[in-house]
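> My file is input30.csv. It has CSV, C-alpha atoms (C1' of nucleotides):
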chain,number,residue,atom,x,y,z
A,731,MET,CA,0.0,0.0,0.0
A,732,GLY,CA,2.7,2.4,-0.9
A,733,ARG,CA,2.4,5.5,-3.0
A,734,THR,CA,-1.0,5.9,-4.6
A,735,SER,CA,0.2,5.8,-8.2
A,736,THR,CA,-1.9,8.2,-10.2
A,737,PRO,CA,-2.8,6.6,-13.5
A,738,GLY,CA,-2.8,9.2,-16.2
A,739,ASN,CA,-1.9,11.8,-13.7
A,740,VAL,CA,-5.4,12.7,-13.1
A,741,ALA,CA,-4.7,15.4,-10.6
A,742,GLY,CA,-1.8,17.1,-12.4
A,743,ASP,CA,1.2,18.4,-10.6
A,744,LYS,CA,1.1,20.5,-7.5
A,745,PRO,CA,0.9,24.1,-8.4
A,746,ALA,CA,4.0,25.1,-6.5
A,747,MET,CA,5.7,27.4,-9.0
A,748,ALA,CA,7.0,29.6,-6.2
A,749,ALA,CA,9.3,31.0,-8.8
A,750,GLY,CA,8.2,31.2,-12.4
A,751,GLY,CA,4.7,32.5,-11.7
A,752,ARG,CA,2.4,30.5,-14.0
A,753,SER,CA,-1.1,31.6,-13.2
A,754,GLU,CA,-3.8,29.7,-14.9
A,755,LEU,CA,-6.7,28.3,-13.0
A,756,ARG,CA,-7.9,24.8,-13.8
A,757,LEU,CA,-11.0,24.0,-11.8
A,758,ASN,CA,-10.5,20.3,-11.8
A,759,SER,CA,-7.2,20.6,-10.0
A,760,PHE,CA,-8.1,23.6,-7.9
A,761,LEU,CA,-8.4,22.1,-4.5
A,762,PRO,CA,-11.1,24.4,-3.0
A,763,TYR,CA,-13.3,23.6,-6.0
A,764,VAL,CA,-12.7,19.9,-6.0
A,765,LEU,CA,-13.1,19.7,-2.3
A,766,ASN,CA,-16.4,21.5,-2.2
A,767,ASN,CA,-17.9,19.7,-5.1
A,768,LEU,CA,-17.0,16.4,-3.5
A,769,ALA,CA,-18.1,17.4,0.0
A,770,GLU,CA,-21.5,18.7,-1.3
A,771,ARG,CA,-22.1,15.5,-3.2
A,772,VAL,CA,-21.1,13.4,-0.2
A,773,SER,CA,-23.3,15.4,2.0
A,774,ALA,CA,-26.3,15.2,-0.3
A,775,GLY,CA,-25.9,11.4,-0.6
A,776,LEU,CA,-25.5,10.8,3.0
A,777,SER,CA,-28.1,13.2,4.3
A,778,ARG,CA,-30.8,11.5,2.4
A,779,ILE,CA,-30.6,8.8,5.1
A,780,TYR,CA,-31.4,11.1,8.1
A,781,THR,CA,-33.6,13.6,6.3
A,782,ASP,CA,-35.8,11.2,4.3
A,783,GLU,CA,-36.1,8.5,6.9
A,784,TYR,CA,-35.7,10.4,10.2
A,785,GLN,CA,-36.8,13.9,9.3
A,786,LEU,CA,-33.6,15.4,10.6
A,787,SER,CA,-32.0,18.4,9.0
A,788,ILE,CA,-28.3,18.4,8.5
A,789,PRO,CA,-27.7,20.8,11.4
A,790,GLU,CA,-29.9,18.7,13.6
A,791,TRP,CA,-28.0,15.6,12.7
A,792,ARG,CA,-24.7,17.3,13.5
A,793,VAL,CA,-25.9,18.4,16.9
A,794,LEU,CA,-27.3,14.9,17.6
A,795,ALA,CA,-24.0,13.3,16.6
A,796,ASN,CA,-21.9,15.6,18.6
A,797,LEU,CA,-24.0,15.2,21.7
A,798,ALA,CA,-23.9,11.5,21.3
A,799,GLU,CA,-20.2,11.5,21.0
A,800,HIS,CA,-19.2,14.0,23.6
A,801,GLY,CA,-22.0,13.7,26.2
A,802,ILE,CA,-23.0,17.0,27.8
A,803,LEU,CA,-22.2,20.1,25.8
A,804,ASN,CA,-23.4,23.6,25.6
A,805,ALA,CA,-24.2,25.4,22.4
A,806,ARG,CA,-20.9,27.2,22.3
A,807,GLN,CA,-19.0,24.0,22.3
A,808,ILE,CA,-21.2,22.6,19.6
A,809,VAL,CA,-20.4,25.7,17.5
A,810,GLU,CA,-16.7,25.0,18.0
A,811,PHE,CA,-17.0,21.3,17.0
A,812,THR,CA,-19.2,21.9,14.0
A,813,THR,CA,-18.1,25.3,12.8
A,814,MET,CA,-21.8,26.1,12.3
A,815,GLU,CA,-23.2,29.5,13.0
A,816,LYS,CA,-24.4,29.9,16.6
A,817,SER,CA,-27.9,30.8,15.4
A,818,LYS,CA,-28.0,27.6,13.4
A,819,VAL,CA,-27.0,25.6,16.4
A,820,SER,CA,-29.5,27.4,18.5
A,821,ARG,CA,-32.3,26.5,16.1
A,822,ALA,CA,-31.2,23.0,15.7
A,823,VAL,CA,-31.2,22.5,19.4
A,824,ALA,CA,-34.6,24.1,19.8
A,825,ASN,CA,-36.0,21.7,17.3
A,826,LEU,CA,-34.4,18.6,18.8
A,827,SER,CA,-35.5,19.8,22.2
A,828,ALA,CA,-39.1,20.3,21.0
A,829,ARG,CA,-39.0,16.7,19.7
A,830,GLY,CA,-37.8,15.4,22.9
A,831,MET,CA,-34.4,14.3,21.7
A,832,VAL,CA,-32.4,16.8,23.7
A,833,SER,CA,-32.6,17.9,27.2
A,834,GLN,CA,-31.6,21.4,28.3
A,835,GLN,CA,-30.7,22.5,31.8
A,836,ARG,CA,-29.1,25.6,33.0
A,837,ALA,CA,-25.4,25.0,33.6
A,838,GLU,CA,-24.2,25.0,37.2
A,839,GLY,CA,-22.0,27.9,37.9
A,840,ASP,CA,-23.0,29.8,34.7
A,841,SER,CA,-26.6,30.3,34.3
A,842,ARG,CA,-26.3,31.8,30.8
A,843,ALA,CA,-25.2,28.5,29.4
A,844,LYS,CA,-27.3,25.4,29.1
A,845,ASP,CA,-26.1,21.8,29.5
A,846,LEU,CA,-27.4,19.9,26.5
A,847,ALA,CA,-27.7,16.2,26.4
A,848,LEU,CA,-29.5,13.5,24.5
A,849,THR,CA,-32.6,12.1,26.1
A,850,ARG,CA,-33.2,8.4,26.0
A,851,ALA,CA,-35.2,9.0,22.9
A,852,GLY,CA,-32.4,11.0,21.4
A,853,LYS,CA,-29.9,8.2,22.1
A,854,ALA,CA,-32.3,5.7,20.5
A,855,LEU,CA,-32.7,7.8,17.4
A,856,TYR,CA,-29.0,8.2,17.1
A,857,ALA,CA,-28.4,4.5,17.7
A,858,SER,CA,-30.8,3.7,14.9
A,859,ILE,CA,-29.1,6.1,12.4
A,860,VAL,CA,-25.5,5.2,13.1
A,861,PRO,CA,-25.4,1.8,11.4
A,862,ARG,CA,-27.0,3.3,8.3
A,863,VAL,CA,-24.5,6.1,7.9
A,864,LEU,CA,-21.6,3.8,8.7
A,865,ALA,CA,-22.8,1.4,6.0
A,866,TRP,CA,-23.0,4.3,3.6
A,867,GLU,CA,-19.5,5.4,4.4
A,868,ARG,CA,-18.2,1.9,4.0
A,869,ASP,CA,-19.8,1.8,0.7
A,870,LEU,CA,-18.2,5.0,-0.4
A,871,LEU,CA,-14.8,3.9,0.9
A,872,ASP,CA,-15.1,0.6,-0.8
A,873,GLY,CA,-12.8,1.4,-3.6
A,874,LEU,CA,-10.0,2.8,-1.5
A,875,SER,CA,-7.2,0.8,-0.2
A,876,PRO,CA,-6.4,1.1,3.5
A,877,GLY,CA,-3.3,3.1,2.5
A,878,GLU,CA,-5.3,5.5,0.4
A,879,TYR,CA,-7.7,5.9,3.2
A,880,ARG,CA,-5.0,6.7,5.7
A,881,ASP,CA,-3.3,9.1,3.3
A,882,LEU,CA,-6.5,10.9,2.7
A,883,MET,CA,-7.5,11.3,6.3
A,884,TYR,CA,-4.0,12.3,7.2
A,885,VAL,CA,-3.8,15.0,4.5
A,886,LEU,CA,-7.2,16.3,5.3
A,887,GLU,CA,-6.2,16.6,8.9
A,888,LYS,CA,-3.1,18.4,7.9
A,889,LEU,CA,-5.0,20.9,5.7
A,890,GLY,CA,-7.4,21.5,8.6
A,891,THR,CA,-4.5,22.4,10.8
A,892,ARG,CA,-2.9,24.6,8.2
A,893,LEU,CA,-6.2,26.4,7.6
A,894,ARG,CA,-6.5,27.2,11.3
A,895,SER,CA,-3.2,29.0,11.1
A,896,MET,CA,-4.0,31.0,8.0
A,897,ARG,CA,-6.1,34.1,9.2
B,180,MET,CA,7.4,11.7,-1.2
B,181,GLY,CA,6.4,8.1,-0.5
B,182,ARG,CA,3.8,7.0,1.9
B,183,THR,CA,2.5,9.7,4.0
B,184,SER,CA,3.4,8.3,7.4
B,185,THR,CA,0.7,9.1,9.9
B,186,PRO,CA,2.3,10.3,13.1
B,187,GLY,CA,0.3,9.1,16.0
B,188,ASN,CA,-2.2,7.6,13.6
B,189,VAL,CA,-4.3,10.7,13.6
B,190,ALA,CA,-6.9,9.3,11.3
B,191,GLY,CA,-7.4,5.9,12.8
B,192,ASP,CA,-7.8,2.8,10.7
B,193,LYS,CA,-10.1,2.4,7.8
B,194,PRO,CA,-13.4,1.3,9.1
B,195,ALA,CA,-13.5,-1.8,7.0
B,196,MET,CA,-14.9,-4.4,9.3
B,197,ALA,CA,-16.9,-6.0,6.6
B,198,ALA,CA,-17.2,-8.9,8.9
B,199,GLY,CA,-17.4,-8.3,12.6
B,200,GLY,CA,-19.8,-5.4,12.6
B,201,ARG,CA,-18.3,-2.9,14.9
B,202,SER,CA,-20.6,0.1,14.8
B,203,GLU,CA,-19.4,3.2,16.5
B,204,LEU,CA,-19.3,6.5,15.0
B,205,ARG,CA,-16.3,8.8,15.6
B,206,LEU,CA,-16.9,12.1,13.9
B,207,ASN,CA,-13.3,13.0,13.5
B,208,SER,CA,-12.6,9.9,11.4
B,209,PHE,CA,-16.0,9.9,9.7
B,210,LEU,CA,-15.2,11.0,6.2
B,211,PRO,CA,-18.4,12.9,5.3
B,212,TYR,CA,-18.0,15.0,8.5
B,213,VAL,CA,-14.3,15.7,8.1
B,214,LEU,CA,-14.7,16.5,4.4
B,215,ASN,CA,-17.6,18.8,4.9
B,216,ASN,CA,-16.0,20.7,7.8
B,217,LEU,CA,-12.8,21.2,5.8
B,218,ALA,CA,-14.6,22.1,2.6
B,219,GLU,CA,-16.7,24.7,4.4
B,220,ARG,CA,-13.7,26.2,6.1
B,221,VAL,CA,-11.8,26.3,2.9
B,222,SER,CA,-14.7,27.9,1.1
B,223,ALA,CA,-15.2,30.5,3.8
B,224,GLY,CA,-11.5,31.4,3.7
B,225,LEU,CA,-11.2,31.6,-0.1
B,226,SER,CA,-14.6,33.2,-0.8
B,227,ARG,CA,-13.6,36.2,1.3
B,228,ILE,CA,-11.4,37.2,-1.7
B,229,TYR,CA,-14.1,37.4,-4.3
B,230,THR,CA,-17.0,38.4,-2.0
B,231,ASP,CA,-15.3,41.2,0.0
B,232,GLU,CA,-13.2,42.6,-2.8
B,233,TYR,CA,-15.2,41.9,-5.9
B,234,GLN,CA,-18.8,41.6,-4.6
B,235,LEU,CA,-19.2,38.2,-6.2
B,236,SER,CA,-21.3,35.5,-4.5
B,237,ILE,CA,-20.0,32.0,-4.5
B,238,PRO,CA,-22.5,30.9,-7.2
B,239,GLU,CA,-21.5,33.9,-9.3
B,240,TRP,CA,-17.8,33.1,-8.9
B,241,ARG,CA,-18.4,29.5,-9.9
B,242,VAL,CA,-20.3,30.5,-13.0
B,243,LEU,CA,-17.6,33.0,-13.9
B,244,ALA,CA,-14.8,30.5,-13.5
B,245,ASN,CA,-16.5,27.8,-15.5
B,246,LEU,CA,-17.2,30.2,-18.4
B,247,ALA,CA,-13.6,31.4,-18.3
B,248,GLU,CA,-12.4,27.9,-18.4
B,249,HIS,CA,-14.8,26.3,-20.9
B,250,GLY,CA,-15.7,29.3,-23.1
B,251,ILE,CA,-19.3,29.1,-24.3
B,252,LEU,CA,-21.7,27.1,-22.1
B,253,ASN,CA,-25.4,27.0,-21.5
B,254,ALA,CA,-26.9,26.9,-18.1
B,255,ARG,CA,-27.5,23.2,-18.1
B,256,GLN,CA,-23.8,22.6,-18.7
B,257,ILE,CA,-22.9,24.8,-15.8
B,258,VAL,CA,-25.3,22.9,-13.7
B,259,GLU,CA,-23.4,19.7,-14.6
B,260,PHE,CA,-20.0,21.1,-14.0
B,261,THR,CA,-20.8,22.7,-10.7
B,262,THR,CA,-23.6,20.5,-9.3
B,263,MET,CA,-25.5,23.6,-8.3
B,264,GLU,CA,-29.3,23.8,-8.5
B,265,LYS,CA,-30.4,25.1,-11.9
B,266,SER,CA,-32.3,28.0,-10.2
B,267,LYS,CA,-29.1,29.0,-8.5
B,268,VAL,CA,-27.3,29.0,-11.7
B,269,SER,CA,-30.1,30.9,-13.4
B,270,ARG,CA,-29.9,33.6,-10.8
B,271,ALA,CA,-26.2,33.8,-10.8
B,272,VAL,CA,-26.2,34.2,-14.6
B,273,ALA,CA,-28.9,36.8,-14.4
B,274,ASN,CA,-26.8,38.8,-11.9
B,275,LEU,CA,-23.6,38.5,-13.9
B,276,SER,CA,-25.4,39.4,-17.0
B,277,ALA,CA,-26.9,42.5,-15.3
B,278,ARG,CA,-23.5,43.5,-14.3
B,279,GLY,CA,-22.2,43.1,-17.9
B,280,MET,CA,-19.9,40.2,-17.1
B,281,VAL,CA,-21.8,37.6,-19.1
B,282,SER,CA,-23.4,37.8,-22.5
B,283,GLN,CA,-26.4,35.7,-23.4
B,284,GLN,CA,-27.5,34.7,-26.8
B,285,ARG,CA,-30.1,32.2,-28.0
B,286,ALA,CA,-28.3,29.0,-29.0
B,287,GLU,CA,-28.4,28.1,-32.7
B,288,GLY,CA,-30.5,25.1,-33.3
B,289,ASP,CA,-32.2,25.2,-29.9
B,290,SER,CA,-33.9,28.3,-29.0
B,291,ARG,CA,-34.7,27.2,-25.5
B,292,ALA,CA,-31.0,27.3,-24.6
B,293,LYS,CA,-28.8,30.3,-24.3
B,294,ASP,CA,-25.1,30.4,-25.2
B,295,LEU,CA,-23.4,32.1,-22.3
B,296,ALA,CA,-20.0,33.6,-22.5
B,297,LEU,CA,-17.9,36.1,-20.6
B,298,THR,CA,-17.8,39.6,-21.9
B,299,ARG,CA,-14.5,41.5,-22.1
B,300,ALA,CA,-15.3,43.0,-18.7
B,301,GLY,CA,-16.1,39.5,-17.4
B,302,LYS,CA,-12.8,38.2,-18.6
B,303,ALA,CA,-11.0,41.1,-17.0
B,304,LEU,CA,-12.7,40.5,-13.7
B,305,TYR,CA,-11.8,36.9,-13.8
B,306,ALA,CA,-8.2,37.7,-14.7
B,307,SER,CA,-7.9,40.0,-11.8
B,308,ILE,CA,-9.2,37.4,-9.4
B,309,VAL,CA,-7.3,34.4,-10.5
B,310,PRO,CA,-3.9,35.3,-9.2
B,311,ARG,CA,-5.4,36.0,-5.8
B,312,VAL,CA,-7.2,32.7,-5.4
B,313,LEU,CA,-4.2,30.8,-6.8
B,314,ALA,CA,-2.0,32.6,-4.2
B,315,TRP,CA,-4.4,31.6,-1.5
B,316,GLU,CA,-4.4,28.0,-2.6
B,317,ARG,CA,-0.6,28.0,-2.8
B,318,ASP,CA,-0.6,29.2,0.8
B,319,LEU,CA,-3.0,26.5,1.9
B,320,LEU,CA,-1.0,23.8,0.1
B,321,ASP,CA,2.3,25.0,1.5
B,322,GLY,CA,2.6,22.4,4.1
B,323,LEU,CA,1.9,19.6,1.8
B,324,SER,CA,4.7,17.7,0.0
B,325,PRO,CA,4.2,17.1,-3.7
B,326,GLY,CA,3.5,13.5,-3.0
B,327,GLU,CA,0.9,14.3,-0.4
B,328,TYR,CA,-0.8,16.7,-2.8
B,329,ARG,CA,-0.9,14.1,-5.6
B,330,ASP,CA,-2.2,11.5,-3.2
B,331,LEU,CA,-4.9,13.8,-2.1
B,332,MET,CA,-6.1,14.8,-5.5
B,333,TYR,CA,-6.0,11.3,-6.7
B,334,VAL,CA,-8.1,10.0,-3.9
B,335,LEU,CA,-10.6,12.8,-4.1
B,336,GLU,CA,-11.0,12.1,-7.8
B,337,LYS,CA,-11.5,8.4,-7.0
B,338,LEU,CA,-14.1,9.2,-4.4
B,339,GLY,CA,-15.9,11.4,-6.9
B,340,THR,CA,-16.0,8.6,-9.4
B,341,ARG,CA,-17.2,6.2,-6.7
B,342,LEU,CA,-19.9,8.5,-5.6
B,343,ARG,CA,-21.2,8.9,-9.1
B,344,SER,CA,-21.7,5.1,-9.3
B,345,MET,CA,-23.5,4.9,-5.9
B,346,ARG,CA,-27.0,6.4,-5.7
C,324,DG,C1',-47.2,14.7,-38.7
C,325,DC,C1',-49.2,15.0,-34.2
C,326,DA,C1',-49.9,14.1,-29.3
C,327,DA,C1',-47.2,13.1,-25.3
C,328,DA,C1',-43.0,13.3,-23.0
C,329,DA,C1',-38.8,15.6,-22.3
C,330,DT,C1',-35.8,19.5,-21.8
C,331,DA,C1',-33.9,24.6,-21.0
C,332,DG,C1',-34.5,28.1,-18.3
C,333,DT,C1',-37.3,31.3,-15.1
C,334,DT,C1',-40.0,32.4,-11.2
C,335,DG,C1',-43.1,32.1,-6.9
C,336,DC,C1',-43.1,30.7,-2.5
C,337,DA,C1',-42.0,28.6,1.8
C,338,DA,C1',-38.2,27.5,4.5
C,339,DG,C1',-33.5,28.2,5.9
C,340,DT,C1',-29.7,31.1,6.6
C,341,DG,C1',-26.1,34.8,8.3
C,342,DA,C1',-25.3,38.9,10.5
C,343,DG,C1',-26.0,41.5,14.0
C,344,DA,C1',-29.1,43.5,17.7
C,345,DC,C1',-30.6,42.1,21.9
C,346,DT,C1',-31.2,40.0,26.9
C,347,DA,C1',-29.2,38.0,30.7
C,348,DA,C1',-25.4,36.6,33.2
C,349,DT,C1',-20.4,36.6,34.3
C,350,DA,C1',-15.7,38.3,34.2
C,351,DT,C1',-12.4,42.0,34.4
C,352,DA,C1',-10.3,46.3,35.9
C,353,DG,C1',-9.6,50.1,38.4
D,401,DC,C1',-17.5,47.3,45.0
D,402,DT,C1',-18.9,49.3,40.7
D,403,DA,C1',-18.5,50.2,35.8
D,404,DT,C1',-17.1,48.1,31.6
D,405,DA,C1',-16.3,44.4,28.7
D,406,DT,C1',-17.2,39.8,27.6
D,407,DT,C1',-19.9,35.8,26.9
D,408,DA,C1',-24.1,32.4,26.2
D,409,DG,C1',-27.8,32.1,23.8
D,410,DT,C1',-32.1,33.9,21.3
D,411,DC,C1',-34.4,36.6,18.0
D,412,DT,C1',-35.3,39.7,14.0
D,413,DC,C1',-34.7,40.9,9.4
D,414,DA,C1',-33.1,40.9,4.9
D,415,DC,C1',-31.3,37.7,1.8
D,416,DT,C1',-30.5,33.1,-0.2
D,417,DT,C1',-32.0,28.7,-1.2
D,418,DG,C1',-34.5,24.6,-2.9
D,419,DC,C1',-38.5,22.9,-4.8
D,420,DA,C1',-42.0,22.7,-7.7
D,421,DA,C1',-44.8,24.9,-11.0
D,422,DC,C1',-44.6,27.2,-15.2
D,423,DT,C1',-43.5,28.8,-20.3
D,424,DA,C1',-41.4,27.8,-24.4
D,425,DT,C1',-39.3,24.8,-27.3
D,426,DT,C1',-37.7,20.3,-28.9
D,427,DT,C1',-37.7,15.3,-29.1
D,428,DT,C1',-40.0,10.9,-29.2
D,429,DG,C1',-43.2,7.4,-30.6
D,430,DC,C1',-46.8,5.9,-33.1
How does the structure come out when it is put into structure tokens?


Amino acid sequence: MGRTSTPGNVAGDKPAMAAGGRSELRLNSFLPYVLNNLAERVSAGLSRIYTDEYQLSIPEWRVLANLAEHGILNARQIVEFTTMEKSKVSRAVANLSARGMVSQQRAEGDSRAKDLALTRAGKALYASIVPRVLAWERDLLDGLSPGEYRDLMYVLEKLGTRLRSMR
Amino acid sequence: MGRTSTPGNVAGDKPAMAAGGRSELRLNSFLPYVLNNLAERVSAGLSRIYTDEYQLSIPEWRVLANLAEHGILNARQIVEFTTMEKSKVSRAVANLSARGMVSQQRAEGDSRAKDLALTRAGKALYASIVPRVLAWERDLLDGLSPGEYRDLMYVLEKLGTRLRSMR
DNA sequence: GCAAAATAGTTGCAAGTGAGACTAATATAG
DNA sequence: CTATATTAGTCTCACTTGCAACTATTTTGC
């Protein structure tokens, strides 16, 4: 599982050119474009599971998943984890709460904040969705070798870090 | 530029498990989640360039870039290239047209369709943006080795293909 | 050659969104 | 302490979006 050889050099070379200054834009090898197109299509494919079958919006699903994973969180923490707007999080929480999936309780020691947690029903909902989305991911990743998968996740992680340090 | 060794195994192993059926979801190694978070943050960072400084919305920028790259296109083709909603494309085209950046002309042989193309002003606008977005991308990619970059683009491409065959 | 289906593109409408004003509570500084 | 700044979360408003309905044209099938 060594280098992922690129048959036909699909991606083209890295646009380094620090000296020499070529400056043409090819969308198919422009990372922001490629990344966004792919992410949107992945999101659209996956979200059909929890929207169609569980009437959860994407923001609601993200809140659900983060609460499932981290236990008790307040809205600000969810904002940090998801990079969603705080108003978006607020509304997603309100909806989930109205549907009895999330409990809210003023936080001890800071009564501005609310401790959010999944209710029993929320956990059950989450538990019923997880296998479906994992299966979907598995299906998507099917063509990737373990090495390719690791490379991918590693580089995405690296880009995320880099991005954090850019502005 | 060989295997991208993963210090500390940031990404975790590929969730293959075809047999054995583990089923826990960890968001930080759940590709759709990681991909979307990254893509959104990349998009937010990059789009500041053409929104703040050129008053272009993201859909408008995408239309502009596709016309610059492919020459004459109709709206349907832009929809294909960008995977944006056709109404979104329609409105972006209308705006660009109103600002004199895009010309429209009924297509020969099919008078439902319109041949869209950049005007001189549209090309000039595009030409002034390209160096900025390329510089931004270069900055983002700075920490990546050429091998990592190729791995990334190759795997993203592969996922895109896979996705197309899923539905 | 014509009726029915398909396609290109626009538009109306309801829902979702982002930005920022706002309320309430807490932290900071002098 | 008290005044000021900061923070958590909600809410309002203007704008964007997605969907479906719609017009106009072209293609298909009989």

> Using Å and a single decimal, report how far CA of Met814 (chain A) sits from C1' of DT351 (chain C).

28.8 Å

> Considering all atoms listed in the file, return as a PyMOL selection string whatever protein or nucleic-acid residues lie within 10 Å of Tyr784 (chain A), sequence-local ones (same chain, fewer than 2 positions apart) excluded.

chain A and resi 778-782+786-787+791+855-856+858-859

> Counting all atoms listed in the file, which residues in chain D sit no more than 10 Å from chain B? For each one, give the nearest pair of atoms and the distance in Å, sorted by chain then residue number, as CSV.


residue,atom,partner,partner_atom,distance
D:DT416,C1',B:Lys267,CA,9.4
D:DT417,C1',B:Lys267,CA,7.9
D:DG418,C1',B:Glu264,CA,7.7
D:DC419,C1',B:Ser266,CA,9.7
D:DA424,C1',B:Arg291,CA,6.8
D:DT425,C1',B:Arg291,CA,5.5
D:DT426,C1',B:Asp289,CA,7.4

> I'd like the neighbourhood of DG353 (chain C) as an MDAnalysis selection string, where a residue qualifies if any of its atoms comes within 12 Å (using all atoms listed in the file), though same-chain residues fewer than 6 positions away should be ignored.

chainID D and resid 401:404

> Which residue gives the smallest distance to Arg836 (chain A) among A:Leu761, A:Leu889, A:Ser773, A:Leu803, with all atoms listed in the file counted?

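Smallest separation from Arg836 (chain A) among the options: A:Leu803.
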
> Which residues of chain C are close to chain B, meaning at most 8 Å apart when you count only C-alpha atoms (C1' of nucleotides), and how do they look as an MDAnalysis selection string?

chainID C and resid 331:333

> Could you jot down the CA of Asn796 (chain A) to CA of Gly775 (chain A) separation for me, Å, one decimal place?

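Computing the Euclidean distance for CA of Asn796 (chain A) and CA of Gly775 (chain A) yields 20.1 Å.
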